[in-house]
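A quick write-up on the structure given underneath.
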Amino acid sequence: MPAREIYMRDPEDPNYKESLLEITDEIELLITQIKMILLTDQGDILGAPDFGMSLEQLLFTFDANAFTIENKLRDQVFKFSPLSMRYDVRFEVKFFKGTTQDIGLIDVLIGETRAFGVSIL
């Protein structure tokens, strides 16, 4: 029996499907798992204090660089998303100069396809 998960795409997402309540597609499940990891601060999940990325804190520490952040992202996803072992999941981290603070951009790639991106302002 395939895994099932609540459909969690944002209605503003260009790939949002209004009629879905749950998903069974592995790629969609993987995207959901990765988003949960990326958008959760460490310590927010009871019983799993090391789950999550605390992205804003991580991206704007003085010693952060794209390589280090990509490695931490990969470690988290491989640890907490069993589906990530079946697919080629990669991250591309970029920094841009902002007017009041720098901007961090994380692109998540599954295979050669950009699945989604996260920007931290």
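In the structure tokens, the first chain shown is A, the next is B, and so on; residue numbers restart at 1 for each chain, and ligands run from 1 in the order shown.
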
Cut-off 12 Å: closest segment 13-79 of chain A/segment 105-117 of chain A atom pairs per residue, using only C-alpha atoms, as a tab-separated table:
```
residue	atom	partner	partner_atom	distance
A:Asp13	CA	A:Phe116	CA	9.5
A:Pro14	CA	A:Phe116	CA	10.4
A:Asn15	CA	A:Phe116	CA	10.2
A:Glu26	CA	A:Ile110	CA	11.5
A:Ile27	CA	A:Ile110	CA	8.3
A:Glu28	CA	A:Ala115	CA	9.3
A:Leu29	CA	A:Ala115	CA	11.8
A:Leu30	CA	A:Ile110	CA	9.1
A:Ile31	CA	A:Ala115	CA	7.2
A:Thr32	CA	A:Ala115	CA	10.5
A:Ile34	CA	A:Val108	CA	8.6
A:Lys35	CA	A:Phe116	CA	8.9
A:Leu38	CA	A:Ile106	CA	9.6
A:Leu39	CA	A:Gly117	CA	11.5
A:Leu55	CA	A:Ile106	CA	9.8
A:Glu56	CA	A:Leu105	CA	10.8
A:Leu59	CA	A:Leu105	CA	9.3
A:Phe60	CA	A:Leu105	CA	11.8
A:Ala66	CA	A:Ile106	CA	9.3
A:Phe67	CA	A:Ile106	CA	11.8
A:Ile69	CA	A:Ile106	CA	9.5
A:Glu70	CA	A:Ile106	CA	8.7
A:Leu73	CA	A:Ile106	CA	9.7
A:Arg74	CA	A:Val108	CA	10.3
A:Val77	CA	A:Val108	CA	11.0
```

For those residues, write N, CA and C atoms to a file as an mmCIF file, in the first residue's frame.
```cif
data_model
loop_
_atom_site.group_PDB
_atom_site.id
_atom_site.type_symbol
_atom_site.label_atom_id
_atom_site.label_comp_id
_atom_site.auth_asym_id
_atom_site.auth_seq_id
_atom_site.Cartn_x
_atom_site.Cartn_y
_atom_site.Cartn_z
ATOM 1 N N ASP A 13 0.806 28.555 -4.679
ATOM 2 C CA ASP A 13 1.774 27.762 -5.432
ATOM 3 C C ASP A 13 1.223 27.528 -6.833
ATOM 4 N N PRO A 14 2.039 27.752 -7.864
ATOM 5 C CA PRO A 14 1.536 27.547 -9.235
ATOM 6 C C PRO A 14 1.127 26.105 -9.530
ATOM 7 N N ASN A 15 1.593 25.146 -8.739
ATOM 8 C CA ASN A 15 1.236 23.739 -8.937
ATOM 9 C C ASN A 15 0.120 23.270 -8.005
ATOM 10 N N GLU A 26 4.925 9.690 -4.980
ATOM 11 C CA GLU A 26 6.182 9.719 -4.219
ATOM 12 C C GLU A 26 6.905 11.055 -4.319
ATOM 13 N N ILE A 27 6.933 11.659 -5.495
ATOM 14 C CA ILE A 27 7.626 12.945 -5.651
ATOM 15 C C ILE A 27 6.927 14.019 -4.819
ATOM 16 N N GLU A 28 5.608 14.030 -4.873
ATOM 17 C CA GLU A 28 4.856 15.008 -4.078
ATOM 18 C C GLU A 28 5.059 14.757 -2.583
ATOM 19 N N LEU A 29 5.109 13.495 -2.166
ATOM 20 C CA LEU A 29 5.400 13.162 -0.771
ATOM 21 C C LEU A 29 6.796 13.644 -0.377
ATOM 22 N N LEU A 30 7.756 13.424 -1.245
ATOM 23 C CA LEU A 30 9.130 13.848 -0.988
ATOM 24 C C LEU A 30 9.206 15.367 -0.852
ATOM 25 N N ILE A 31 8.547 16.092 -1.739
ATOM 26 C CA ILE A 31 8.528 17.555 -1.666
ATOM 27 C C ILE A 31 7.936 18.011 -0.338
ATOM 28 N N THR A 32 6.846 17.386 0.077
ATOM 29 C CA THR A 32 6.213 17.727 1.355
ATOM 30 C C THR A 32 7.165 17.475 2.521
ATOM 31 N N ILE A 34 10.470 17.400 2.462
ATOM 32 C CA ILE A 34 11.578 18.359 2.419
ATOM 33 C C ILE A 34 11.122 19.724 2.916
ATOM 34 N N LYS A 35 9.930 20.153 2.500
ATOM 35 C CA LYS A 35 9.421 21.448 2.967
ATOM 36 C C LYS A 35 9.275 21.465 4.485
ATOM 37 N N LEU A 38 12.758 21.917 5.933
ATOM 38 C CA LEU A 38 13.325 23.244 5.695
ATOM 39 C C LEU A 38 12.633 24.335 6.499
ATOM 40 N N LEU A 39 11.330 24.218 6.675
ATOM 41 C CA LEU A 39 10.560 25.306 7.279
ATOM 42 C C LEU A 39 10.324 25.137 8.779
ATOM 43 N N LEU A 55 16.478 27.831 9.339
ATOM 44 C CA LEU A 55 17.121 28.426 8.161
ATOM 45 C C LEU A 55 17.606 29.848 8.362
ATOM 46 N N GLU A 56 16.783 30.702 8.905
ATOM 47 C CA GLU A 56 17.189 32.098 9.045
ATOM 48 C C GLU A 56 18.444 32.212 9.899
ATOM 49 N N LEU A 59 21.431 30.597 7.804
ATOM 50 C CA LEU A 59 21.876 31.357 6.637
ATOM 51 C C LEU A 59 22.646 32.611 7.000
ATOM 52 N N PHE A 60 22.331 33.193 8.141
ATOM 53 C CA PHE A 60 22.935 34.476 8.454
ATOM 54 C C PHE A 60 23.956 34.431 9.587
ATOM 55 N N ALA A 66 27.725 28.592 1.191
ATOM 56 C CA ALA A 66 26.804 27.746 0.427
ATOM 57 C C ALA A 66 27.127 26.262 0.609
ATOM 58 N N PHE A 67 28.384 25.891 0.574
ATOM 59 C CA PHE A 67 28.787 24.489 0.681
ATOM 60 C C PHE A 67 28.362 23.892 2.034
ATOM 61 N N ILE A 69 26.021 24.948 4.122
ATOM 62 C CA ILE A 69 24.562 24.899 4.230
ATOM 63 C C ILE A 69 23.996 23.766 3.384
ATOM 64 N N GLU A 70 24.505 23.584 2.164
ATOM 65 C CA GLU A 70 24.043 22.482 1.310
ATOM 66 C C GLU A 70 24.288 21.140 1.985
ATOM 67 N N LEU A 73 21.733 20.720 4.796
ATOM 68 C CA LEU A 73 20.432 20.410 4.198
ATOM 69 C C LEU A 73 20.366 18.941 3.793
ATOM 70 N N ARG A 74 21.393 18.478 3.108
ATOM 71 C CA ARG A 74 21.441 17.090 2.652
ATOM 72 C C ARG A 74 21.398 16.123 3.837
ATOM 73 N N VAL A 77 17.802 16.034 5.305
ATOM 74 C CA VAL A 77 16.837 15.362 4.426
ATOM 75 C C VAL A 77 17.094 13.863 4.400
#
```

### Task
Write down as a ChimeraX atom specification the residues belonging to chain A that are assigned strand (DSSP E) by DSSP computed on the backbone.
/A:5-6,22-23,89-96,103-110,113-120

Mind writing the picked residues with N, CA and C atoms as an mmCIF file, in the first residue's frame?
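And here is the file that came out, selection33.cif:
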```
data_model
loop_
_atom_site.group_PDB
_atom_site.id
_atom_site.type_symbol
_atom_site.label_atom_id
_atom_site.label_comp_id
_atom_site.auth_asym_id
_atom_site.auth_seq_id
_atom_site.Cartn_x
_atom_site.Cartn_y
_atom_site.Cartn_z
ATOM 1 N N GLU A 5 -0.355 11.086 2.528
ATOM 2 C CA GLU A 5 -0.061 12.276 3.318
ATOM 3 C C GLU A 5 -1.101 13.343 3.001
ATOM 4 N N ILE A 6 -1.335 14.235 3.939
ATOM 5 C CA ILE A 6 -2.235 15.357 3.714
ATOM 6 C C ILE A 6 -1.603 16.284 2.674
ATOM 7 N N GLU A 22 -5.424 14.578 -0.156
ATOM 8 C CA GLU A 22 -4.276 13.770 0.241
ATOM 9 C C GLU A 22 -3.486 13.381 -0.998
ATOM 10 N N ILE A 23 -2.246 13.001 -0.776
ATOM 11 C CA ILE A 23 -1.365 12.628 -1.880
ATOM 12 C C ILE A 23 -0.784 11.251 -1.645
ATOM 13 N N VAL A 89 18.323 14.013 -4.744
ATOM 14 C CA VAL A 89 17.906 15.283 -4.153
ATOM 15 C C VAL A 89 19.147 16.137 -3.951
ATOM 16 N N ARG A 90 19.098 17.355 -4.512
ATOM 17 C CA ARG A 90 20.229 18.279 -4.384
ATOM 18 C C ARG A 90 19.725 19.659 -3.994
ATOM 19 N N PHE A 91 20.639 20.447 -3.466
ATOM 20 C CA PHE A 91 20.314 21.803 -3.039
ATOM 21 C C PHE A 91 21.323 22.761 -3.652
ATOM 22 N N GLU A 92 20.829 23.910 -4.061
ATOM 23 C CA GLU A 92 21.696 24.985 -4.532
ATOM 24 C C GLU A 92 21.399 26.206 -3.678
ATOM 25 N N VAL A 93 22.423 26.666 -2.961
ATOM 26 C CA VAL A 93 22.282 27.807 -2.064
ATOM 27 C C VAL A 93 23.011 28.995 -2.674
ATOM 28 N N LYS A 94 22.322 30.136 -2.694
ATOM 29 C CA LYS A 94 22.912 31.363 -3.239
ATOM 30 C C LYS A 94 22.615 32.502 -2.280
ATOM 31 N N PHE A 95 23.502 33.470 -2.253
ATOM 32 C CA PHE A 95 23.317 34.665 -1.450
ATOM 33 C C PHE A 95 23.322 35.876 -2.374
ATOM 34 N N PHE A 96 22.475 36.853 -2.049
ATOM 35 C CA PHE A 96 22.392 38.089 -2.809
ATOM 36 C C PHE A 96 22.437 39.260 -1.840
ATOM 37 N N ILE A 103 20.080 38.370 1.209
ATOM 38 C CA ILE A 103 18.987 37.455 0.896
ATOM 39 C C ILE A 103 19.582 36.090 0.613
ATOM 40 N N GLY A 104 19.017 35.061 1.214
ATOM 41 C CA GLY A 104 19.430 33.686 0.950
ATOM 42 C C GLY A 104 18.378 32.990 0.101
ATOM 43 N N LEU A 105 18.816 32.258 -0.895
ATOM 44 C CA LEU A 105 17.900 31.517 -1.763
ATOM 45 C C LEU A 105 18.350 30.065 -1.808
ATOM 46 N N ILE A 106 17.410 29.160 -1.547
ATOM 47 C CA ILE A 106 17.689 27.731 -1.609
ATOM 48 C C ILE A 106 16.788 27.126 -2.666
ATOM 49 N N ASP A 107 17.396 26.532 -3.690
ATOM 50 C CA ASP A 107 16.646 25.783 -4.689
ATOM 51 C C ASP A 107 16.777 24.305 -4.372
ATOM 52 N N VAL A 108 15.657 23.604 -4.421
ATOM 53 C CA VAL A 108 15.635 22.162 -4.184
ATOM 54 C C VAL A 108 15.422 21.491 -5.525
ATOM 55 N N LEU A 109 16.355 20.601 -5.895
ATOM 56 C CA LEU A 109 16.271 19.881 -7.154
ATOM 57 C C LEU A 109 16.069 18.405 -6.899
ATOM 58 N N ILE A 110 15.135 17.831 -7.624
ATOM 59 C CA ILE A 110 14.916 16.385 -7.589
ATOM 60 C C ILE A 110 15.204 15.903 -8.997
ATOM 61 N N THR A 113 15.182 18.457 -12.118
ATOM 62 C CA THR A 113 14.046 19.366 -12.076
ATOM 63 C C THR A 113 14.046 20.171 -10.784
ATOM 64 N N ARG A 114 13.861 21.485 -10.917
ATOM 65 C CA ARG A 114 13.724 22.338 -9.739
ATOM 66 C C ARG A 114 12.344 22.077 -9.151
ATOM 67 N N ALA A 115 12.301 21.530 -7.932
ATOM 68 C CA ALA A 115 11.032 21.190 -7.293
ATOM 69 C C ALA A 115 10.392 22.421 -6.655
ATOM 70 N N PHE A 116 11.211 23.226 -5.962
ATOM 71 C CA PHE A 116 10.730 24.459 -5.349
ATOM 72 C C PHE A 116 11.922 25.227 -4.825
ATOM 73 N N GLY A 117 11.679 26.430 -4.409
ATOM 74 C CA GLY A 117 12.715 27.265 -3.826
ATOM 75 C C GLY A 117 12.210 27.931 -2.563
ATOM 76 N N VAL A 118 13.153 28.299 -1.719
ATOM 77 C CA VAL A 118 12.843 29.003 -0.475
ATOM 78 C C VAL A 118 13.745 30.216 -0.420
ATOM 79 N N SER A 119 13.162 31.385 -0.180
ATOM 80 C CA SER A 119 13.979 32.578 -0.007
ATOM 81 C C SER A 119 13.871 33.049 1.434
ATOM 82 N N ILE A 120 14.994 33.460 1.968
ATOM 83 C CA ILE A 120 15.073 33.951 3.341
ATOM 84 C C ILE A 120 15.528 35.403 3.263
#
```

*asked:* Let's see if you can do this: from backbone DSSP, list all helix (DSSP H, G or I) residues in chain A, as number ranges by chain.
replied: A: 26-38, 55-59, 66-80, 82-85

message: Please list as a list of chain:residue names every residue within 10 Å of Phe80 of chain A, counting only C-alpha atoms and excluding residues in the same chain fewer than 2 positions away.
response: A:Gln33, A:Ile34, A:Met36, A:Ile37, A:Asp50, A:Phe51, A:Gly52, A:Asp75, A:Gln76, A:Val77, A:Phe78, A:Pro82, A:Leu83, A:Ser84

Can you write just those residues out, N, CA and C atoms, as a PDB file, in the first residue's frame?
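Saved as result-v9.pdb:
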```pdb
ATOM      1  N   GLN A  33       7.851  16.345   2.509  1.00  0.00           N
ATOM      2  CA  GLN A  33       8.795  16.026   3.583  1.00  0.00           C
ATOM      3  C   GLN A  33       9.936  17.040   3.631  1.00  0.00           C
ATOM      4  N   ILE A  34      10.470  17.400   2.462  1.00  0.00           N
ATOM      5  CA  ILE A  34      11.578  18.359   2.419  1.00  0.00           C
ATOM      6  C   ILE A  34      11.122  19.724   2.916  1.00  0.00           C
ATOM      7  N   MET A  36       8.781  20.374   5.051  1.00  0.00           N
ATOM      8  CA  MET A  36       8.626  20.314   6.510  1.00  0.00           C
ATOM      9  C   MET A  36       9.981  20.455   7.204  1.00  0.00           C
ATOM     10  N   ILE A  37      10.994  19.817   6.669  1.00  0.00           N
ATOM     11  CA  ILE A  37      12.335  19.910   7.245  1.00  0.00           C
ATOM     12  C   ILE A  37      12.878  21.331   7.127  1.00  0.00           C
ATOM     13  N   ASP A  50      16.556  17.553  17.003  1.00  0.00           N
ATOM     14  CA  ASP A  50      17.468  17.881  15.904  1.00  0.00           C
ATOM     15  C   ASP A  50      16.758  17.920  14.546  1.00  0.00           C
ATOM     16  N   PHE A  51      15.413  17.785  14.535  1.00  0.00           N
ATOM     17  CA  PHE A  51      14.645  17.876  13.296  1.00  0.00           C
ATOM     18  C   PHE A  51      14.486  19.346  12.920  1.00  0.00           C
ATOM     19  N   GLY A  52      14.759  19.667  11.671  1.00  0.00           N
ATOM     20  CA  GLY A  52      14.560  21.025  11.175  1.00  0.00           C
ATOM     21  C   GLY A  52      15.866  21.727  10.890  1.00  0.00           C
ATOM     22  N   ASP A  75      22.159  16.410   4.879  1.00  0.00           N
ATOM     23  CA  ASP A  75      22.176  15.547   6.066  1.00  0.00           C
ATOM     24  C   ASP A  75      20.796  15.457   6.710  1.00  0.00           C
ATOM     25  N   GLN A  76      20.114  16.590   6.862  1.00  0.00           N
ATOM     26  CA  GLN A  76      18.771  16.601   7.451  1.00  0.00           C
ATOM     27  C   GLN A  76      17.784  15.801   6.608  1.00  0.00           C
ATOM     28  N   VAL A  77      17.802  16.034   5.305  1.00  0.00           N
ATOM     29  CA  VAL A  77      16.837  15.362   4.426  1.00  0.00           C
ATOM     30  C   VAL A  77      17.094  13.863   4.400  1.00  0.00           C
ATOM     31  N   PHE A  78      18.337  13.439   4.318  1.00  0.00           N
ATOM     32  CA  PHE A  78      18.619  12.006   4.302  1.00  0.00           C
ATOM     33  C   PHE A  78      18.275  11.350   5.643  1.00  0.00           C
ATOM     34  N   PRO A  82      12.856   9.292   4.384  1.00  0.00           N
ATOM     35  CA  PRO A  82      13.246   8.010   3.779  1.00  0.00           C
ATOM     36  C   PRO A  82      13.142   8.018   2.252  1.00  0.00           C
ATOM     37  N   LEU A  83      12.208   8.769   1.704  1.00  0.00           N
ATOM     38  CA  LEU A  83      12.065   8.820   0.240  1.00  0.00           C
ATOM     39  C   LEU A  83      13.270   9.450  -0.447  1.00  0.00           C
ATOM     40  N   SER A  84      14.037  10.238   0.277  1.00  0.00           N
ATOM     41  CA  SER A  84      15.181  10.906  -0.346  1.00  0.00           C
ATOM     42  C   SER A  84      16.251   9.914  -0.798  1.00  0.00           C
TER      43      SER A  84
END
```

### Message
When you count only C-alpha atoms, which of these residues is closest to Thr61 of chain A: A:Lys79, A:Asp88, A:Asp102, A:Ile45?
### Response
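Closest to Thr61 of chain A, using only C-alpha atoms: A:Asp102.
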